[in-house]
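Content type mmCIF, C-alpha atoms and all ligand atoms, from the file input_39.cif:
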```
data_start
loop_
_atom_site.label_atom_id
_atom_site.label_comp_id
_atom_site.auth_asym_id
_atom_site.auth_seq_id
_atom_site.Cartn_x
_atom_site.Cartn_y
_atom_site.Cartn_z
CA MET A 164 78.92 112.37 136.57
CA LEU A 165 81.44 113.32 133.86
CA ARG A 166 80.38 110.58 131.47
CA GLN A 167 77.56 112.50 129.80
CA PRO A 168 79.43 115.81 129.26
CA LEU A 169 82.43 113.93 127.86
CA LEU A 170 80.21 111.98 125.46
CA MET A 171 78.59 115.24 124.37
CA LEU A 172 82.05 116.76 123.76
CA SER A 173 82.93 113.71 121.64
CA ARG A 174 80.65 115.25 118.99
CA SER A 175 81.91 118.86 119.28
CA GLU A 176 83.87 120.01 116.23
CA MET A 177 85.37 122.94 118.16
CA VAL A 178 86.84 120.80 120.93
CA LYS A 179 87.88 118.25 118.33
CA ASP A 180 90.00 120.88 116.51
CA LEU A 181 91.66 121.90 119.75
CA VAL A 182 92.38 118.37 120.91
CA THR A 183 93.51 116.92 117.59
CA ALA A 184 96.27 119.50 117.33
CA MET A 185 97.85 117.23 119.95
CA PRO A 186 100.29 114.66 118.51
CA VAL A 187 99.11 111.04 118.57
CA SER A 188 102.31 110.16 120.37
CA SER A 189 101.22 112.13 123.45
CA GLY A 190 100.70 109.81 126.41
CA ILE A 191 96.95 109.62 126.69
CA VAL A 192 96.34 109.12 122.95
CA SER A 193 99.03 106.50 122.44
CA ARG A 194 97.70 104.55 125.41
CA TYR A 195 94.57 103.77 123.37
CA VAL A 196 95.71 104.25 119.74
CA PRO A 197 99.01 102.75 118.53
CA GLY A 198 99.39 105.31 115.70
CA GLU A 199 97.93 107.01 112.67
CA ALA A 200 99.62 105.06 109.85
CA THR A 201 98.88 101.56 108.56
CA GLU A 202 102.45 100.60 109.51
CA SER A 203 101.80 101.44 113.18
CA ALA A 204 98.66 99.30 113.15
CA VAL A 205 100.48 96.39 111.50
CA GLU A 206 103.36 96.74 113.97
CA ALA A 207 100.98 96.65 116.96
CA THR A 208 99.20 93.65 115.43
CA ARG A 209 102.47 91.77 115.01
CA GLY A 210 103.35 92.31 118.68
CA LEU A 211 99.95 91.18 119.94
CA ILE A 212 99.91 88.06 117.76
CA ALA A 213 103.43 87.20 118.95
CA ASP A 214 101.96 87.24 122.48
CA GLY A 215 99.31 84.66 121.53
CA LEU A 216 96.48 87.17 121.02
CA HIS A 217 94.14 87.76 118.09
CA VAL A 218 93.34 91.19 116.72
CA THR A 219 90.52 93.19 115.16
CA LEU A 220 91.55 96.49 113.52
CA ASP A 221 89.46 99.65 113.27
CA PHE A 222 90.44 102.41 110.83
CA LEU A 223 89.19 105.35 112.88
CA GLY A 224 86.47 107.62 111.53
CA GLU A 225 82.71 108.00 111.90
CA ASP A 226 79.69 110.09 110.89
CA THR A 227 81.10 110.83 107.44
CA VAL A 228 78.93 113.11 105.31
CA ASP A 229 81.44 113.24 102.47
CA ARG A 230 81.32 110.54 99.80
CA ALA A 231 85.03 110.91 98.95
CA GLN A 232 85.95 110.37 102.60
CA ALA A 233 83.76 107.26 102.76
CA ASP A 234 85.53 105.86 99.69
CA ALA A 235 88.94 106.74 101.17
CA THR A 236 88.00 104.73 104.26
CA VAL A 237 87.18 101.71 102.10
CA ALA A 238 90.58 102.08 100.39
CA ALA A 239 92.27 102.26 103.80
CA TYR A 240 90.65 98.96 104.81
CA THR A 241 91.54 97.16 101.58
CA GLY A 242 95.12 98.49 101.85
CA LEU A 243 95.30 97.32 105.44
CA LEU A 244 94.05 93.83 104.52
CA THR A 245 96.69 93.58 101.80
CA ALA A 246 99.40 94.66 104.27
CA LEU A 247 98.21 92.09 106.84
CA THR A 248 98.29 89.36 104.19
CA ASP A 249 101.77 90.38 103.00
CA GLU A 250 103.02 90.25 106.58
CA GLY A 251 101.43 86.83 107.20
CA LEU A 252 99.15 88.25 109.91
CA SER A 253 95.69 88.05 108.34
CA ARG A 254 94.82 84.61 109.73
CA ASN A 255 94.82 86.07 113.25
CA ALA A 256 93.60 89.59 112.48
CA GLU A 257 90.20 90.69 111.23
CA VAL A 258 88.71 94.18 110.79
CA SER A 259 85.96 96.12 112.57
CA VAL A 260 84.00 98.62 110.48
CA LYS A 261 81.70 101.50 111.45
CA LEU A 262 79.02 101.86 108.78
CA SER A 263 78.84 105.62 109.44
CA ALA A 264 82.48 105.87 108.29
CA ILE A 265 81.69 104.31 104.92
CA GLY A 266 78.54 106.19 103.95
CA GLN A 267 75.60 105.31 106.25
CA ALA A 268 75.26 108.98 107.33
CA LEU A 269 75.31 110.42 103.79
CA PRO A 270 72.14 112.42 103.12
CA ASP A 271 71.50 110.71 99.79
CA ARG A 272 70.99 106.90 99.83
CA GLY A 273 73.51 106.55 102.64
CA GLU A 274 72.41 103.06 103.65
CA LYS A 275 72.88 101.72 100.11
CA VAL A 276 76.33 103.38 99.79
CA ALA A 277 77.40 101.85 103.12
CA LEU A 278 76.15 98.41 102.06
CA ASP A 279 78.03 98.54 98.75
CA ASN A 280 81.17 99.78 100.49
CA ALA A 281 80.88 97.10 103.18
CA ARG A 282 80.66 94.45 100.45
CA VAL A 283 84.00 95.64 99.04
CA ILE A 284 85.64 95.36 102.47
CA CYS A 285 84.05 91.92 103.12
CA GLN A 286 85.37 90.63 99.79
CA ALA A 287 88.86 91.97 100.56
CA ALA A 288 88.69 90.32 104.00
CA ARG A 289 87.62 87.03 102.48
CA ASN A 290 90.49 87.21 99.97
CA ALA A 291 92.81 87.73 102.95
CA GLY A 292 91.29 84.68 104.70
CA THR A 293 89.69 86.72 107.44
CA THR A 294 86.42 88.38 108.50
CA VAL A 295 84.65 91.69 109.14
CA THR A 296 82.67 92.70 112.23
CA LEU A 297 80.28 95.66 111.97
CA ASP A 298 80.70 97.96 114.96
CA MET A 299 77.49 99.29 116.54
CA GLU A 300 77.05 103.06 116.91
CA ASP A 301 74.32 105.12 118.57
CA HIS A 302 70.75 103.77 118.78
CA THR A 303 69.48 105.79 115.80
CA THR A 304 71.60 103.49 113.59
CA THR A 305 70.83 100.10 115.17
CA ASP A 306 68.02 99.05 112.81
CA SER A 307 69.94 100.20 109.75
CA THR A 308 73.11 98.40 110.87
CA LEU A 309 71.27 95.14 111.62
CA SER A 310 69.46 95.27 108.30
CA THR A 311 72.77 95.91 106.46
CA LEU A 312 74.20 92.95 108.37
CA ARG A 313 71.36 90.70 107.15
CA GLU A 314 72.01 91.77 103.55
CA LEU A 315 75.77 91.27 103.85
CA ARG A 316 75.36 87.85 105.37
CA LYS A 317 73.62 86.59 102.24
CA ASP A 318 76.99 86.73 100.47
CA PHE A 319 79.34 86.91 103.46
CA PRO A 320 77.79 84.78 106.24
CA GLU A 321 81.00 85.10 108.25
CA THR A 322 80.29 88.81 108.96
CA GLY A 323 80.04 89.58 112.68
CA ALA A 324 77.61 91.86 114.55
CA VAL A 325 77.91 93.97 117.70
CA VAL A 326 75.13 94.45 120.24
CA GLN A 327 75.09 96.81 123.23
CA ALA A 328 73.76 95.58 126.57
CA TYR A 329 72.67 99.08 127.64
CA LEU A 330 69.85 99.13 125.06
CA HIS A 331 66.48 97.76 126.20
CA ARG A 332 66.06 95.95 122.88
CA THR A 333 69.33 93.98 122.98
CA GLU A 334 68.21 90.84 124.82
CA ALA A 335 65.66 90.31 122.02
CA ASP A 336 68.31 91.08 119.37
CA CYS A 337 70.56 88.45 120.97
CA ARG A 338 67.79 85.86 120.61
CA ASP A 339 67.44 86.74 116.92
CA LEU A 340 71.18 86.58 116.37
CA ALA A 341 72.07 83.41 118.32
CA TYR A 342 71.81 81.09 115.31
CA GLU A 343 74.40 78.73 113.87
CA GLY A 344 77.18 80.49 111.99
CA SER A 345 76.45 83.88 113.53
CA ARG A 346 79.24 85.82 115.27
CA VAL A 347 78.04 88.29 117.89
CA ARG A 348 80.16 90.70 119.93
CA LEU A 349 78.43 91.71 123.15
CA CYS A 350 79.60 95.01 124.67
CA LYS A 351 78.01 97.30 127.28
CA GLY A 352 77.69 100.29 124.90
CA ALA A 353 79.70 103.50 124.64
CA TYR A 354 77.32 106.29 123.48
CA ASN A 355 75.19 108.88 125.21
CA GLU A 356 71.73 107.32 125.01
CA PRO A 357 68.36 108.55 126.34
CA GLU A 358 66.36 106.82 129.05
CA SER A 359 63.68 105.91 126.52
CA VAL A 360 65.98 103.37 124.84
CA ALA A 361 68.78 102.56 127.27
CA PHE A 362 69.41 101.59 130.89
CA GLN A 363 71.06 104.53 132.66
CA ASP A 364 72.11 102.76 135.83
CA LYS A 365 75.42 100.86 135.63
CA HIS A 366 74.00 98.00 137.69
CA GLU A 367 71.04 97.64 135.27
CA VAL A 368 73.48 97.60 132.32
CA ASP A 369 75.51 94.84 134.01
CA LYS A 370 72.36 92.79 134.66
CA SER A 371 71.37 93.19 131.02
CA TYR A 372 74.89 92.15 129.95
CA VAL A 373 74.53 88.90 131.92
CA ARG A 374 71.06 88.18 130.47
CA CYS A 375 72.38 88.74 126.93
CA LEU A 376 75.44 86.60 127.62
CA LYS A 377 73.18 83.77 128.82
CA VAL A 378 71.25 83.88 125.55
CA LEU A 379 74.39 83.97 123.39
CA MET A 380 76.25 81.25 125.30
CA ALA A 381 73.20 78.94 125.18
CA GLY A 382 72.67 79.65 121.48
CA GLN A 383 74.21 78.17 118.34
CA GLY A 384 76.40 81.14 117.35
CA TYR A 385 79.89 82.28 118.26
CA PRO A 386 79.78 84.70 121.24
CA MET A 387 82.45 87.41 121.48
CA VAL A 388 82.56 88.63 125.06
CA ALA A 389 83.80 92.23 124.75
CA THR A 390 84.41 93.66 128.21
CA HIS A 391 87.18 94.59 130.65
CA ASP A 392 84.90 94.05 133.62
CA PRO A 393 86.40 91.23 135.74
CA ARG A 394 82.93 90.10 136.87
CA MET A 395 81.63 89.83 133.31
CA VAL A 396 84.76 87.94 132.25
CA ASP A 397 84.24 85.43 135.12
CA ILE A 398 80.55 85.06 134.30
CA GLY A 399 81.41 84.59 130.60
CA GLY A 400 83.78 81.74 131.49
CA ALA A 401 81.26 80.15 133.88
CA LEU A 402 78.44 80.31 131.30
CA ALA A 403 80.70 78.76 128.66
CA THR A 404 81.38 75.82 131.03
CA ARG A 405 77.70 75.51 131.93
CA ASN A 406 76.83 75.31 128.22
CA ASP A 407 79.58 72.74 127.50
CA ARG A 408 81.40 75.15 125.25
CA ALA A 409 85.04 74.31 124.61
CA GLN A 410 87.63 77.11 124.69
CA GLY A 411 87.74 78.56 121.18
CA SER A 412 83.98 78.15 120.59
CA TYR A 413 83.66 81.70 121.97
CA GLU A 414 86.21 84.43 122.60
CA PHE A 415 87.01 87.34 124.90
CA GLN A 416 87.69 90.76 123.45
CA MET A 417 89.28 93.87 124.96
CA LEU A 418 90.45 97.23 123.68
CA PHE A 419 94.09 98.03 122.91
CA GLY A 420 95.76 99.49 126.01
CA ILE A 421 93.11 98.42 128.52
CA ARG A 422 94.01 95.61 130.97
CA PRO A 423 96.82 94.23 128.77
CA ASP A 424 97.97 91.90 131.56
CA GLU A 425 94.51 90.39 131.80
CA GLN A 426 94.46 89.89 128.00
CA ARG A 427 97.67 87.85 128.27
CA ARG A 428 96.57 85.99 131.39
CA LEU A 429 93.40 84.79 129.69
CA ALA A 430 95.33 83.74 126.56
CA GLU A 431 97.84 81.83 128.70
CA ALA A 432 94.91 80.06 130.37
CA GLY A 433 93.93 78.76 126.90
CA GLU A 434 91.17 81.27 126.12
CA LYS A 435 90.90 82.86 122.71
CA VAL A 436 91.40 86.61 123.22
CA ARG A 437 91.08 89.31 120.58
CA VAL A 438 92.35 92.87 121.00
CA TYR A 439 90.55 95.73 119.25
CA VAL A 440 93.20 97.98 117.70
CA PRO A 441 92.05 101.41 116.46
CA TYR A 442 94.37 103.48 114.30
CA GLY A 443 94.28 106.53 112.01
CA GLU A 444 94.03 110.28 112.28
CA GLU A 445 90.37 110.40 113.37
CA TRP A 446 91.00 109.31 116.95
CA TYR A 447 89.13 112.14 118.69
CA GLY A 448 85.65 110.54 119.11
CA TYR A 449 87.20 107.21 120.12
CA LEU A 450 89.46 108.85 122.71
CA MET A 451 86.58 110.85 124.24
CA ARG A 452 84.50 107.66 124.64
CA ARG A 453 87.43 106.00 126.43
CA LEU A 454 87.78 109.04 128.73
CA ALA A 455 84.06 108.94 129.44
CA GLU A 456 84.45 105.33 130.62
CA ARG A 457 87.35 106.31 132.83
CA PRO A 458 87.08 109.99 133.88
CA SER A 459 90.05 109.46 136.24
CA ASN A 460 92.18 109.72 133.06
CA LEU A 461 90.91 113.25 132.55
CA THR A 462 93.66 114.94 134.61
CA PHE A 463 96.30 113.14 132.58
CA PHE A 464 94.50 114.16 129.40
CA LEU A 465 94.24 117.85 130.37
CA ARG A 466 97.91 117.88 131.38
CA SER A 467 98.92 116.59 127.92
CA LEU A 468 96.77 119.31 126.31
CA ILE A 469 98.38 122.08 128.35
CA SER A 470 101.92 120.86 127.74
CA LYS A 471 101.54 120.52 123.97
P1 LIG A 501 83.13 99.01 132.50
O1 LIG A 501 82.23 98.72 133.65
O2 LIG A 501 83.02 100.30 131.79
O3 LIG A 501 84.64 98.84 132.94
C1 LIG A 501 85.12 97.73 133.69
C2 LIG A 501 86.57 97.96 134.05
O4 LIG A 501 87.36 98.00 132.87
C3 LIG A 501 86.85 99.32 134.72
O5 LIG A 501 86.64 99.25 136.09
C4 LIG A 501 88.29 99.54 134.34
O6 LIG A 501 89.14 98.77 135.16
C5 LIG A 501 88.38 98.99 132.95
N1 LIG A 501 88.11 100.03 131.94
C6 LIG A 501 86.98 100.19 131.21
N2 LIG A 501 87.10 101.22 130.34
C7 LIG A 501 88.33 101.72 130.54
C8 LIG A 501 89.06 102.79 129.94
N3 LIG A 501 88.55 103.52 128.97
N4 LIG A 501 90.33 103.04 130.38
C9 LIG A 501 90.87 102.29 131.34
N5 LIG A 501 90.24 101.25 131.95
C10 LIG A 501 89.00 100.98 131.56
N6 LIG A 501 80.89 100.06 122.23
C11 LIG A 501 79.94 100.38 121.33
O7 LIG A 501 79.02 101.13 121.65
N7 LIG A 501 79.97 99.85 120.06
C12 LIG A 501 80.93 98.97 119.67
O8 LIG A 501 80.92 98.53 118.50
C13 LIG A 501 81.94 98.62 120.58
N8 LIG A 501 82.92 97.75 120.26
C14 LIG A 501 83.77 97.31 121.24
C15 LIG A 501 84.68 96.31 120.94
C16 LIG A 501 85.48 95.76 121.94
C17 LIG A 501 86.42 94.66 121.60
C18 LIG A 501 85.36 96.26 123.27
C19 LIG A 501 86.17 95.66 124.39
C20 LIG A 501 84.50 97.27 123.56
C21 LIG A 501 83.72 97.83 122.57
N9 LIG A 501 82.83 98.87 122.84
C22 LIG A 501 81.88 99.21 121.89
C23 LIG A 501 82.93 99.65 124.10
C24 LIG A 501 82.03 99.10 125.18
O9 LIG A 501 80.68 99.33 124.85
C25 LIG A 501 82.31 99.75 126.54
O10 LIG A 501 82.09 101.13 126.43
C26 LIG A 501 83.71 99.53 127.07
O11 LIG A 501 84.17 98.25 126.76
C27 LIG A 501 83.75 99.69 128.61
O12 LIG A 501 82.89 98.76 129.19
P2 LIG A 501 83.37 97.47 130.05
O13 LIG A 501 82.57 96.30 129.62
O14 LIG A 501 84.82 97.31 129.91
O15 LIG A 501 82.92 97.77 131.52
#
```
Would you encode the structure as structure tokens?
Ligand code: FAD
Amino acid sequence: MLRQPLLMLSRSEMVKDLVTAMPVSSGIVSRYVPGEATESAVEATRGLIADGLHVTLDFLGEDTVDRAQADATVAAYTGLLTALTDEGLSRNAEVSVKLSAIGQALPDRGEKVALDNARVICQAARNAGTTVTLDMEDHTTTDSTLSTLRELRKDFPETGAVVQAYLHRTEADCRDLAYEGSRVRLCKGAYNEPESVAFQDKHEVDKSYVRCLKVLMAGQGYPMVATHDPRMVDIGGALATRNDRAQGSYEFQMLFGIRPDEQRRLAEAGEKVRVYVPYGEEWYGYLMRRLAERPSNLTFFLRSLISK
């Protein structure tokens, strides 16, 4: 019931100003975001890798309509990749990029700016011996993001895609993307989407997730099973076995701070597990999406607001 209002608030500038006056170290924020500085992200990455996990890092920010901010985001990613290389972490840590943070939403030739910026990040990732995955945002950007992905893959075929099981179109997208060399992260989807494009019922989303997983696991690509849902994790493992996939020919992915024990349990069982680590000052939208998934955290969140 609270999911929709929380997702609407995730785009409110007024609430954002109120909430972001809160320090990142306050309980609810630091549960999901290890910090604002590159050093905090590198530190969190080091700890996760020491525990046998892999990492994908997201420099937080989205819906940028300012060219200078888009360019600053590119610089943050290239700086991060250099820091990961210097610390000897880049073999086990890649980056996740939202195209709307690097120019896609700019009013003038946004798609082209985002593509050029993404190329710079992909080249820096390749120099660091690692890869980029393009996050997927709301449905109005899906075609643009997939077409940018196709362009990027001409020069950087290692670039990964994300698809969202709640969209009606995604099973077909999975078929298109399940080719050799392709890396596809399947998640349920985190935005407020209309009935015309997305399943609204949780059970329907789960059924779609399983259909998409079947396509990806039977295909030639590298499936990245991004979910905390114990049933989806079990089904992912069972489908891998059914398709004769060895451990490491697919991976599980979870968000920083969510089911950390399960992340370690899977890794200890020999599975490849990657943790998505967001960092930076622009944590508001990300935090609101996490609260929308878990409204029981709302009381904790409101308490931290009042006590600030
Ligand atoms: P759910 O049914 O939502 O949750 C299953 C269980 O997981 C819950 O019962 C609970 O125990 C636990 N859980 C889930 N969420 C939380 C939470 N916030 N706090 C505490 N416990 C929780 N979405 C996009 O739209 N685009 C993306 O690019 C994208 N990238 C992602 C990358 C990764 C690696 C992951 C793991 C998720 C990503 N998501 C993305 C978010 C995703 O779409 C879902 O919103 C999110 O993962 C919750 O769905 P679930 O599969 O965990 O299942």
- Determine, counting all atoms listed in the file, which protein, DNA and RNA residues have an atom within 8 Å of an atom of region 430-444 of chain A; residues of the same chain fewer than 2 positions away are not included. Present the result as a ChimeraX atom specification. /A:195-201,203-204,207-208,211,215-224,410-411,413-419,426-428,446
Select from chain A every residue with an atom at most 8 Å from any atom of ligand LIG 501 (chain A), then for each give the shortest pair of atoms and their distance in Å to one decimal, using only C-alpha atoms and all ligand atoms, rows by chain and rising number, as JSON lines.
```
{"residue": "A:Thr219", "atom": "CA", "partner": "A:LIG501", "partner_atom": "C17", "distance": 7.8}
{"residue": "A:Lys261", "atom": "CA", "partner": "A:LIG501", "partner_atom": "O8", "distance": 7.7}
{"residue": "A:Leu297", "atom": "CA", "partner": "A:LIG501", "partner_atom": "O8", "distance": 7.2}
{"residue": "A:Asp298", "atom": "CA", "partner": "A:LIG501", "partner_atom": "O8", "distance": 3.6}
{"residue": "A:Met299", "atom": "CA", "partner": "A:LIG501", "partner_atom": "O8", "distance": 4.0}
{"residue": "A:Glu300", "atom": "CA", "partner": "A:LIG501", "partner_atom": "N7", "distance": 5.4}
{"residue": "A:Asp301", "atom": "CA", "partner": "A:LIG501", "partner_atom": "O7", "distance": 6.9}
{"residue": "A:Val325", "atom": "CA", "partner": "A:LIG501", "partner_atom": "O8", "distance": 5.5}
{"residue": "A:Val326", "atom": "CA", "partner": "A:LIG501", "partner_atom": "N7", "distance": 7.3}
{"residue": "A:Gln327", "atom": "CA", "partner": "A:LIG501", "partner_atom": "O7", "distance": 6.1}
{"residue": "A:Arg348", "atom": "CA", "partner": "A:LIG501", "partner_atom": "C15", "distance": 7.3}
{"residue": "A:Leu349", "atom": "CA", "partner": "A:LIG501", "partner_atom": "C14", "distance": 8.0}
{"residue": "A:Cys350", "atom": "CA", "partner": "A:LIG501", "partner_atom": "O9", "distance": 4.5}
{"residue": "A:Lys351", "atom": "CA", "partner": "A:LIG501", "partner_atom": "O9", "distance": 4.1}
{"residue": "A:Gly352", "atom": "CA", "partner": "A:LIG501", "partner_atom": "O9", "distance": 3.1}
{"residue": "A:Ala353", "atom": "CA", "partner": "A:LIG501", "partner_atom": "O10", "distance": 3.8}
{"residue": "A:Tyr354", "atom": "CA", "partner": "A:LIG501", "partner_atom": "O7", "distance": 5.7}
{"residue": "A:Lys365", "atom": "CA", "partner": "A:LIG501", "partner_atom": "O1", "distance": 7.4}
{"residue": "A:Asp369", "atom": "CA", "partner": "A:LIG501", "partner_atom": "O1", "distance": 7.8}
{"residue": "A:Val388", "atom": "CA", "partner": "A:LIG501", "partner_atom": "C19", "distance": 7.9}
{"residue": "A:Ala389", "atom": "CA", "partner": "A:LIG501", "partner_atom": "C19", "distance": 4.2}
{"residue": "A:Thr390", "atom": "CA", "partner": "A:LIG501", "partner_atom": "O13", "distance": 3.5}
{"residue": "A:His391", "atom": "CA", "partner": "A:LIG501", "partner_atom": "O14", "distance": 3.7}
{"residue": "A:Asp392", "atom": "CA", "partner": "A:LIG501", "partner_atom": "C1", "distance": 3.7}
{"residue": "A:Pro393", "atom": "CA", "partner": "A:LIG501", "partner_atom": "C1", "distance": 6.9}
{"residue": "A:Met395", "atom": "CA", "partner": "A:LIG501", "partner_atom": "O13", "distance": 7.5}
{"residue": "A:Gln416", "atom": "CA", "partner": "A:LIG501", "partner_atom": "C17", "distance": 4.5}
{"residue": "A:Met417", "atom": "CA", "partner": "A:LIG501", "partner_atom": "C19", "distance": 3.6}
{"residue": "A:Leu418", "atom": "CA", "partner": "A:LIG501", "partner_atom": "C19", "distance": 4.6}
{"residue": "A:Gly420", "atom": "CA", "partner": "A:LIG501", "partner_atom": "C9", "distance": 7.8}
{"residue": "A:Ile421", "atom": "CA", "partner": "A:LIG501", "partner_atom": "C9", "distance": 5.3}
{"residue": "A:Arg422", "atom": "CA", "partner": "A:LIG501", "partner_atom": "N5", "distance": 6.9}
{"residue": "A:Arg437", "atom": "CA", "partner": "A:LIG501", "partner_atom": "C17", "distance": 7.2}
{"residue": "A:Val438", "atom": "CA", "partner": "A:LIG501", "partner_atom": "C17", "distance": 6.2}
{"residue": "A:Tyr439", "atom": "CA", "partner": "A:LIG501", "partner_atom": "C17", "distance": 4.9}
{"residue": "A:Arg452", "atom": "CA", "partner": "A:LIG501", "partner_atom": "O10", "distance": 7.2}
{"residue": "A:Arg453", "atom": "CA", "partner": "A:LIG501", "partner_atom": "N3", "distance": 3.7}
{"residue": "A:Leu454", "atom": "CA", "partner": "A:LIG501", "partner_atom": "N3", "distance": 5.6}
{"residue": "A:Ala455", "atom": "CA", "partner": "A:LIG501", "partner_atom": "N3", "distance": 7.1}
{"residue": "A:Glu456", "atom": "CA", "partner": "A:LIG501", "partner_atom": "N3", "distance": 4.8}
{"residue": "A:Arg457", "atom": "CA", "partner": "A:LIG501", "partner_atom": "C8", "distance": 4.9}
{"residue": "A:Asn460", "atom": "CA", "partner": "A:LIG501", "partner_atom": "N4", "distance": 7.4}
```
- Item | Close residues, Lys370 (chain A) itself excluded, 12 Å, only C-alpha atoms, min 3 positions apart in chain, as a PyMOL selection string | chain A and resi 328-331+334+351+362-367+373-377+394-395+398
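Comparing A:Thr303, A:Gly292, A:Leu252, A:Glu225 by their smallest distance to Ile265 (chain A), the closest is A:Glu225 (using all atoms listed in the file).
Checking A:Val368, A:Ala264, A:Ala184, A:Val237 one by one against Arg282 (chain A), counting all atoms listed in the file, you find the shortest gap at A:Val237.
Picture a line from CA of Ser345 (chain A) to CA of Ser359 (chain A); it runs 28.6 Å.
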Padding 5 Å on each side, edges along x, y and z: where is the centre of the box around the listed atoms of region 390-401 of chain A, and how long are its edges in Å to one decimal? Output it as AutoDock Vina command-line options.
```
--center_x 83.9 --center_y 87.4 --center_z 132.5 --size_x 16.6 --size_y 24.4 --size_z 18.7
```
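Here CA of Val228 (chain A) is placed at a distance of 4.8 Å from CA of Leu269 (chain A).
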- Item | Separation of CA of Glu445 (chain A) from CA of Pro458 (chain A), in Å and rounded to one decimal | 20.8 Å
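Summary of the local environment: counting all atoms listed in the file, residues at most 10 Å from Glu314 (chain A), other than itself and those fewer than 6 positions away along its chain, are Leu278, Arg282, Thr308 and Pro320 of chain A.
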Would you put the residues from that selection into a file with C-alpha atoms, as a CSV table (one decimal), in the frame of the given file?
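Final output, again_11.csv:
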```csv
chain,number,residue,atom,x,y,z
A,278,LEU,CA,76.2,98.4,102.1
A,282,ARG,CA,80.7,94.4,100.4
A,308,THR,CA,73.1,98.4,110.9
A,320,PRO,CA,77.8,84.8,106.2
```
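Nearest to Asp226 (chain A) of all the residues A:Ala409, A:Ala324, A:Ile191, A:Leu262 is A:Leu262, based on only C-alpha atoms.
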- In terms of the shortest atom-to-atom distance over all atoms listed in the file, which of A:Val283, A:Glu257, A:Leu465, A:Asn355 is closest to Pro168 (chain A)? A:Asn355
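Remark: for Glu343 (chain A), the closest of the candidate residues A:Gln286, A:Ser307, A:Thr296, A:Ser412 is A:Ser412 (distances computed over only C-alpha atoms).
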